[in-house]
Number of protein chains: 2
Amino acid sequence: MNSLIRNGKSVVSLVCVVLLVFGGSVHGRRLLSAADRPKPSNAPAFARWLVSQSSWGVLSTIAEDLGGAPFGNVVSFSDGLPEQGKGVPYFYLTSLDPTARYGSKDHRSSFTLSEEALGTCGKIDPEEPTCAKITLTGKLNKMDANSEEADTAKKALFAKHPDMKKWPKDHSFQVYKLDIEDIFMINFYGGPKPLTVDEYIHFEMNKVTKAII
Amino acid sequence: MNSLIRNGKSVVSLVCVVLLVFGGSVHGRRLLSAADRPKPSNAPAFARWLVSQSSWGVLSTIAEDLGGAPFGNVVSFSDGLPEQGKGVPYFYLTSLDPTARYGSKDHRSSFTLSEEALGTCGKIDPEEPTCAKITLTGKLNKMDANSEEADTAKKALFAKHPDMKKWPKDHSFQVYKLDIEDIFMINFYGGPKPLTVDEYIHFEMNKVTKAII
């Protein structure tokens, strides 16, 4: 068995290299190559890249039944249709889950992503500043199911997470949106990158997305 | 380039299978084989396995300077020395980072992990109940640097995250601990698994760890 594990480790090492060079496919997106990664100094491009390429993260809300504790929950998300991500995270949640219930009573929320989940940090420790992380803080709001934005958001969610189409109808999943008010991102040494919501939302992604999608 | 990407995808598919069969090594732990995974019905074993095998997660605190919003932050952690994890997460934080500052003023906190980060969910979507997730809610406390527990916790953190040994001395990193008060875990269909903190903390892991470490 030890020899099998050693063989496995060798194959995995080889594969990590292959992943960084060629990329692969997971949860409706291809794994990224290091070449896709914007320069850390370009904060808006880097933040939009990290959010658009990610498929899941931790959505935190206030747990009224746990003494008002901040309650993080793992969720899948999308910020738009393929190649059309706009940086605003959309979620597909059911009130059977505490996060949707908490968010409906207290909209204060944050959504946190690690570059570790993209596979582009390699062997860098997830808490090292060079393995990027971003926290979008704002208000979690349920969308009007009849709105055009909710319809587009649902298409975006289903495109990145095909399994969502099969989720139980009687669980009443609905589209939620995080209205961003603050951005905390560390993607290199030297502390959080200064980045306003306006710089983030209005950054023109076309050139970047053409390179990485 | 397309052919290269196709080749890459093929290799990655092959590798995903290899990973699930043999395992590899990342952040001081080997990637797990599906055979390592406790039965979802054994909630205490599953929760302790998920926490002990994970190397990073999202630590949420209350951001006083963001209107009291729940603020999630990516952190590395350890729950004990190799094969000796006790289920209590320890962190190595600096007050240069907002999470340590927030946690010092308001200890309410939660720590969230996804099985997706272990590589054992395969192609299952991270929001599917069968890709496990756990949220440990409680109080984040800075440990007495001179205590025996803090010394052991630091050794455990350095064992799983060797990079921590090299972190800047002038950043004054210190060991923090999450005192768990509530456990939320979903690892199969049917909603959160009933699991008390007592059942979680006092579960005897020896048999399980012998099988998975």
# chains A, B, ... in the order shown; residues from 1 in each chain; ligands from 1
$ residues_around --residues "Leu81 of chain A" --least-positions-apart "5" --cutoff "10 Å" --atoms "only C-alpha atoms" --output "PDB file with all heavy atoms, in the first residue's frame"
ATOM      1  N   SER A  52     -14.961  35.662 -10.670  1.00  0.00           N
ATOM      2  CA  SER A  52     -15.585  35.029 -11.845  1.00  0.00           C
ATOM      3  C   SER A  52     -15.152  33.583 -12.034  1.00  0.00           C
ATOM      4  O   SER A  52     -15.927  32.744 -12.498  1.00  0.00           O
ATOM      5  CB  SER A  52     -15.265  35.823 -13.120  1.00  0.00           C
ATOM      6  OG  SER A  52     -16.006  37.025 -13.140  1.00  0.00           O
ATOM      7  N   LYS A  86     -20.108  39.781 -13.964  1.00  0.00           N
ATOM      8  CA  LYS A  86     -20.065  41.219 -13.650  1.00  0.00           C
ATOM      9  C   LYS A  86     -19.604  41.481 -12.219  1.00  0.00           C
ATOM     10  O   LYS A  86     -19.679  42.597 -11.714  1.00  0.00           O
ATOM     11  CB  LYS A  86     -21.433  41.845 -13.917  1.00  0.00           C
ATOM     12  CG  LYS A  86     -21.775  41.848 -15.420  1.00  0.00           C
ATOM     13  CD  LYS A  86     -23.093  42.549 -15.725  1.00  0.00           C
ATOM     14  CE  LYS A  86     -23.272  42.821 -17.208  1.00  0.00           C
ATOM     15  NZ  LYS A  86     -22.991  41.653 -18.068  1.00  0.00           N
ATOM     16  N   THR A 152     -31.676  36.074 -15.491  1.00  0.00           N
ATOM     17  CA  THR A 152     -30.302  35.952 -16.000  1.00  0.00           C
ATOM     18  C   THR A 152     -29.410  35.293 -14.950  1.00  0.00           C
ATOM     19  O   THR A 152     -28.585  34.427 -15.262  1.00  0.00           O
ATOM     20  CB  THR A 152     -29.733  37.354 -16.340  1.00  0.00           C
ATOM     21  OG1 THR A 152     -30.592  37.983 -17.296  1.00  0.00           O
ATOM     22  CG2 THR A 152     -28.333  37.248 -16.931  1.00  0.00           C
ATOM     23  N   ALA A 153     -29.602  35.692 -13.679  1.00  0.00           N
ATOM     24  CA  ALA A 153     -28.799  35.121 -12.594  1.00  0.00           C
ATOM     25  C   ALA A 153     -29.024  33.613 -12.496  1.00  0.00           C
ATOM     26  O   ALA A 153     -28.087  32.838 -12.304  1.00  0.00           O
ATOM     27  CB  ALA A 153     -29.163  35.799 -11.279  1.00  0.00           C
ATOM     28  N   LYS A 154     -30.286  33.199 -12.658  1.00  0.00           N
ATOM     29  CA  LYS A 154     -30.621  31.764 -12.579  1.00  0.00           C
ATOM     30  C   LYS A 154     -29.934  31.014 -13.718  1.00  0.00           C
ATOM     31  O   LYS A 154     -29.351  29.944 -13.510  1.00  0.00           O
ATOM     32  CB  LYS A 154     -32.141  31.586 -12.645  1.00  0.00           C
ATOM     33  CG  LYS A 154     -32.630  30.240 -12.169  1.00  0.00           C
ATOM     34  CD  LYS A 154     -34.153  30.271 -12.034  1.00  0.00           C
ATOM     35  CE  LYS A 154     -34.696  28.967 -11.508  1.00  0.00           C
ATOM     36  NZ  LYS A 154     -36.157  28.995 -11.327  1.00  0.00           N
ATOM     37  N   LYS A 155     -29.954  31.614 -14.912  1.00  0.00           N
ATOM     38  CA  LYS A 155     -29.281  30.979 -16.064  1.00  0.00           C
ATOM     39  C   LYS A 155     -27.779  30.864 -15.777  1.00  0.00           C
ATOM     40  O   LYS A 155     -27.137  29.854 -16.084  1.00  0.00           O
ATOM     41  CB  LYS A 155     -29.503  31.802 -17.336  1.00  0.00           C
ATOM     42  CG  LYS A 155     -30.922  31.742 -17.905  1.00  0.00           C
ATOM     43  CD  LYS A 155     -30.979  32.431 -19.273  1.00  0.00           C
ATOM     44  CE  LYS A 155     -32.335  32.271 -19.946  1.00  0.00           C
ATOM     45  NZ  LYS A 155     -33.326  33.234 -19.414  1.00  0.00           N
ATOM     46  N   ALA A 156     -27.216  31.915 -15.164  1.00  0.00           N
ATOM     47  CA  ALA A 156     -25.775  31.920 -14.850  1.00  0.00           C
ATOM     48  C   ALA A 156     -25.452  30.834 -13.822  1.00  0.00           C
ATOM     49  O   ALA A 156     -24.473  30.102 -13.961  1.00  0.00           O
ATOM     50  CB  ALA A 156     -25.374  33.287 -14.320  1.00  0.00           C
ATOM     51  N   LEU A 157     -26.315  30.721 -12.804  1.00  0.00           N
ATOM     52  CA  LEU A 157     -26.102  29.700 -11.763  1.00  0.00           C
ATOM     53  C   LEU A 157     -26.191  28.300 -12.366  1.00  0.00           C
ATOM     54  O   LEU A 157     -25.346  27.434 -12.105  1.00  0.00           O
ATOM     55  CB  LEU A 157     -27.152  29.864 -10.660  1.00  0.00           C
ATOM     56  CG  LEU A 157     -26.917  31.032  -9.701  1.00  0.00           C
ATOM     57  CD1 LEU A 157     -28.197  31.420  -8.969  1.00  0.00           C
ATOM     58  CD2 LEU A 157     -25.807  30.676  -8.714  1.00  0.00           C
ATOM     59  N   PHE A 158     -27.198  28.072 -13.211  1.00  0.00           N
ATOM     60  CA  PHE A 158     -27.378  26.747 -13.809  1.00  0.00           C
ATOM     61  C   PHE A 158     -26.249  26.416 -14.790  1.00  0.00           C
ATOM     62  O   PHE A 158     -25.883  25.259 -14.966  1.00  0.00           O
ATOM     63  CB  PHE A 158     -28.729  26.672 -14.518  1.00  0.00           C
ATOM     64  CG  PHE A 158     -29.913  26.574 -13.588  1.00  0.00           C
ATOM     65  CD1 PHE A 158     -29.766  26.767 -12.223  1.00  0.00           C
ATOM     66  CD2 PHE A 158     -31.188  26.288 -14.076  1.00  0.00           C
ATOM     67  CE1 PHE A 158     -30.848  26.676 -11.352  1.00  0.00           C
ATOM     68  CE2 PHE A 158     -32.273  26.187 -13.216  1.00  0.00           C
ATOM     69  CZ  PHE A 158     -32.097  26.393 -11.859  1.00  0.00           C
ATOM     70  N   ALA A 159     -25.677  27.457 -15.421  1.00  0.00           N
ATOM     71  CA  ALA A 159     -24.587  27.230 -16.379  1.00  0.00           C
ATOM     72  C   ALA A 159     -23.335  26.754 -15.639  1.00  0.00           C
ATOM     73  O   ALA A 159     -22.630  25.841 -16.078  1.00  0.00           O
ATOM     74  CB  ALA A 159     -24.290  28.512 -17.153  1.00  0.00           C
ATOM     75  N   LYS A 160     -23.052  27.351 -14.478  1.00  0.00           N
ATOM     76  CA  LYS A 160     -21.856  26.970 -13.713  1.00  0.00           C
ATOM     77  C   LYS A 160     -22.121  25.759 -12.826  1.00  0.00           C
ATOM     78  O   LYS A 160     -21.201  24.990 -12.522  1.00  0.00           O
ATOM     79  CB  LYS A 160     -21.377  28.156 -12.866  1.00  0.00           C
ATOM     80  CG  LYS A 160     -20.091  27.886 -12.101  1.00  0.00           C
ATOM     81  CD  LYS A 160     -19.474  29.174 -11.546  1.00  0.00           C
ATOM     82  CE  LYS A 160     -18.391  29.725 -12.438  1.00  0.00           C
ATOM     83  NZ  LYS A 160     -17.664  30.874 -11.887  1.00  0.00           N
TER      84      LYS A 160
END
$ select_by_dssp --residues "segment 101-169 of chain A" --states "helix (DSSP H, G or I)" --output "PyMOL selection string"
chain A and resi 101-105+115-118+148-160+162-166+169
$ write_last_selection --atoms "N, CA and C atoms" --output "PDB file, in the first residue's frame"
ATOM      1  N   ARG A 101     -32.569  31.863   5.819  1.00  0.00           N
ATOM      2  CA  ARG A 101     -33.461  32.369   6.884  1.00  0.00           C
ATOM      3  C   ARG A 101     -32.797  33.531   7.623  1.00  0.00           C
ATOM      4  N   TYR A 102     -31.525  33.364   7.985  1.00  0.00           N
ATOM      5  CA  TYR A 102     -30.814  34.438   8.691  1.00  0.00           C
ATOM      6  C   TYR A 102     -30.761  35.704   7.817  1.00  0.00           C
ATOM      7  N   GLY A 103     -30.405  35.499   6.537  1.00  0.00           N
ATOM      8  CA  GLY A 103     -30.249  36.635   5.637  1.00  0.00           C
ATOM      9  C   GLY A 103     -31.542  37.390   5.378  1.00  0.00           C
ATOM     10  N   SER A 104     -32.671  36.692   5.540  1.00  0.00           N
ATOM     11  CA  SER A 104     -33.964  37.349   5.325  1.00  0.00           C
ATOM     12  C   SER A 104     -34.326  38.239   6.506  1.00  0.00           C
ATOM     13  N   LYS A 105     -33.812  37.885   7.689  1.00  0.00           N
ATOM     14  CA  LYS A 105     -34.131  38.687   8.888  1.00  0.00           C
ATOM     15  C   LYS A 105     -33.094  39.783   9.129  1.00  0.00           C
ATOM     16  N   GLU A 115      -8.233  31.641  -3.307  1.00  0.00           N
ATOM     17  CA  GLU A 115      -7.658  31.196  -4.578  1.00  0.00           C
ATOM     18  C   GLU A 115      -7.261  29.725  -4.497  1.00  0.00           C
ATOM     19  N   GLU A 116      -7.074  29.230  -3.263  1.00  0.00           N
ATOM     20  CA  GLU A 116      -6.718  27.819  -3.072  1.00  0.00           C
ATOM     21  C   GLU A 116      -7.703  26.909  -3.804  1.00  0.00           C
ATOM     22  N   ALA A 117      -8.976  27.306  -3.814  1.00  0.00           N
ATOM     23  CA  ALA A 117     -10.012  26.484  -4.446  1.00  0.00           C
ATOM     24  C   ALA A 117      -9.887  26.439  -5.968  1.00  0.00           C
ATOM     25  N   LEU A 118      -9.119  27.372  -6.534  1.00  0.00           N
ATOM     26  CA  LEU A 118      -8.948  27.386  -7.992  1.00  0.00           C
ATOM     27  C   LEU A 118      -7.806  26.476  -8.448  1.00  0.00           C
ATOM     28  N   GLU A 148     -35.905  40.483 -14.640  1.00  0.00           N
ATOM     29  CA  GLU A 148     -35.010  40.049 -15.715  1.00  0.00           C
ATOM     30  C   GLU A 148     -33.648  39.661 -15.139  1.00  0.00           C
ATOM     31  N   GLU A 149     -33.195  40.429 -14.124  1.00  0.00           N
ATOM     32  CA  GLU A 149     -31.896  40.144 -13.516  1.00  0.00           C
ATOM     33  C   GLU A 149     -31.901  38.769 -12.841  1.00  0.00           C
ATOM     34  N   ALA A 150     -33.025  38.434 -12.160  1.00  0.00           N
ATOM     35  CA  ALA A 150     -33.113  37.129 -11.491  1.00  0.00           C
ATOM     36  C   ALA A 150     -33.113  36.000 -12.522  1.00  0.00           C
ATOM     37  N   ASP A 151     -33.761  36.249 -13.644  1.00  0.00           N
ATOM     38  CA  ASP A 151     -33.818  35.232 -14.698  1.00  0.00           C
ATOM     39  C   ASP A 151     -32.418  34.981 -15.257  1.00  0.00           C
ATOM     40  N   THR A 152     -31.676  36.074 -15.491  1.00  0.00           N
ATOM     41  CA  THR A 152     -30.302  35.952 -16.000  1.00  0.00           C
ATOM     42  C   THR A 152     -29.410  35.293 -14.950  1.00  0.00           C
ATOM     43  N   ALA A 153     -29.602  35.692 -13.679  1.00  0.00           N
ATOM     44  CA  ALA A 153     -28.799  35.121 -12.594  1.00  0.00           C
ATOM     45  C   ALA A 153     -29.024  33.613 -12.496  1.00  0.00           C
ATOM     46  N   LYS A 154     -30.286  33.199 -12.658  1.00  0.00           N
ATOM     47  CA  LYS A 154     -30.621  31.764 -12.579  1.00  0.00           C
ATOM     48  C   LYS A 154     -29.934  31.014 -13.718  1.00  0.00           C
ATOM     49  N   LYS A 155     -29.954  31.614 -14.912  1.00  0.00           N
ATOM     50  CA  LYS A 155     -29.281  30.979 -16.064  1.00  0.00           C
ATOM     51  C   LYS A 155     -27.779  30.864 -15.777  1.00  0.00           C
ATOM     52  N   ALA A 156     -27.216  31.915 -15.164  1.00  0.00           N
ATOM     53  CA  ALA A 156     -25.775  31.920 -14.850  1.00  0.00           C
ATOM     54  C   ALA A 156     -25.452  30.834 -13.822  1.00  0.00           C
ATOM     55  N   LEU A 157     -26.315  30.721 -12.804  1.00  0.00           N
ATOM     56  CA  LEU A 157     -26.102  29.700 -11.763  1.00  0.00           C
ATOM     57  C   LEU A 157     -26.191  28.300 -12.366  1.00  0.00           C
ATOM     58  N   PHE A 158     -27.198  28.072 -13.211  1.00  0.00           N
ATOM     59  CA  PHE A 158     -27.378  26.747 -13.809  1.00  0.00           C
ATOM     60  C   PHE A 158     -26.249  26.416 -14.790  1.00  0.00           C
ATOM     61  N   ALA A 159     -25.677  27.457 -15.421  1.00  0.00           N
ATOM     62  CA  ALA A 159     -24.587  27.230 -16.379  1.00  0.00           C
ATOM     63  C   ALA A 159     -23.335  26.754 -15.639  1.00  0.00           C
ATOM     64  N   LYS A 160     -23.052  27.351 -14.478  1.00  0.00           N
ATOM     65  CA  LYS A 160     -21.856  26.970 -13.713  1.00  0.00           C
ATOM     66  C   LYS A 160     -22.121  25.759 -12.826  1.00  0.00           C
ATOM     67  N   PRO A 162     -24.697  22.859 -13.088  1.00  0.00           N
ATOM     68  CA  PRO A 162     -25.789  22.119 -13.739  1.00  0.00           C
ATOM     69  C   PRO A 162     -26.646  21.302 -12.765  1.00  0.00           C
ATOM     70  N   ASP A 163     -26.043  20.847 -11.657  1.00  0.00           N
ATOM     71  CA  ASP A 163     -26.818  20.051 -10.688  1.00  0.00           C
ATOM     72  C   ASP A 163     -28.000  20.825 -10.128  1.00  0.00           C
ATOM     73  N   MET A 164     -27.883  22.162 -10.095  1.00  0.00           N
ATOM     74  CA  MET A 164     -28.948  22.981  -9.498  1.00  0.00           C
ATOM     75  C   MET A 164     -30.287  22.772 -10.205  1.00  0.00           C
ATOM     76  N   LYS A 165     -30.208  22.455 -11.509  1.00  0.00           N
ATOM     77  CA  LYS A 165     -31.461  22.251 -12.270  1.00  0.00           C
ATOM     78  C   LYS A 165     -32.269  21.106 -11.689  1.00  0.00           C
ATOM     79  N   LYS A 166     -31.563  20.165 -11.052  1.00  0.00           N
ATOM     80  CA  LYS A 166     -32.239  18.958 -10.540  1.00  0.00           C
ATOM     81  C   LYS A 166     -32.625  19.059  -9.077  1.00  0.00           C
ATOM     82  N   LYS A 169     -37.918  20.626  -6.357  1.00  0.00           N
ATOM     83  CA  LYS A 169     -38.824  21.776  -6.545  1.00  0.00           C
ATOM     84  C   LYS A 169     -39.489  22.157  -5.227  1.00  0.00           C
TER      85      LYS A 169
END
$ residues_around --residues "Ser95 of chain A" --least-positions-apart "6" --cutoff "8 Å" --atoms "only C-alpha atoms" --output "list in words"
Arg101, His171, Ser172 and Phe173 of chain A
$ write_last_selection --atoms "N, CA and C atoms" --output "CSV table (one decimal), in the first residue's frame"
chain,number,residue,atom,x,y,z
A,101,ARG,N,-32.6,31.9,5.8
A,101,ARG,CA,-33.5,32.4,6.9
A,101,ARG,C,-32.8,33.5,7.6
A,171,HIS,N,-38.3,22.3,-2.4
A,171,HIS,CA,-37.5,23.0,-1.5
A,171,HIS,C,-37.5,24.5,-1.7
A,172,SER,N,-38.2,24.9,-2.8
A,172,SER,CA,-38.4,26.3,-3.1
A,172,SER,C,-37.1,27.1,-3.1
A,173,PHE,N,-36.1,26.6,-3.9
A,173,PHE,CA,-34.8,27.4,-4.0
A,173,PHE,C,-35.1,28.7,-4.7
$ atom_distance --atom1 "atom CA of Gly138 of chain B" --atom2 "atom CA of Pro38 of chain B"
24.9 Å
$ closest_residue --among "A:Tyr92, A:Tyr189, A:Phe203, A:Trp56" --to "Asp125 of chain B" --atoms "only C-alpha atoms"
A:Trp56
$ closest_residue --among "B:Asp144, B:Glu64, B:Asp179, B:Glu127" --to "Phe91 of chain A" --atoms "only C-alpha atoms"
B:Glu127
$ residues_around --residues "Gln174 of chain A" --least-positions-apart "2" --cutoff "8 Å" --atoms "only C-alpha atoms" --output "list in words"
Tyr92, Leu93, Thr94, Lys142, Met143, Ala145, Ser172 and Tyr176 of chain A
$ atom_distance --atom1 "atom CA of Ile183 of chain A" --atom2 "atom CA of Ser60 of chain A"
14.4 Å
$ closest_residue --among "A:Pro70, A:Gly122, A:Gly80, A:Gly191" --to "chain B" --atoms "only C-alpha atoms"
A:Pro70
$ closest_residue --among "B:Pro40, B:Gly87, B:Gly190, B:Pro82" --to "chain A" --atoms "only C-alpha atoms"
B:Gly190
$ atom_distance --atom1 "atom CA of Arg37 of chain A" --atom2 "atom CA of Leu113 of chain B"
25.1 Å
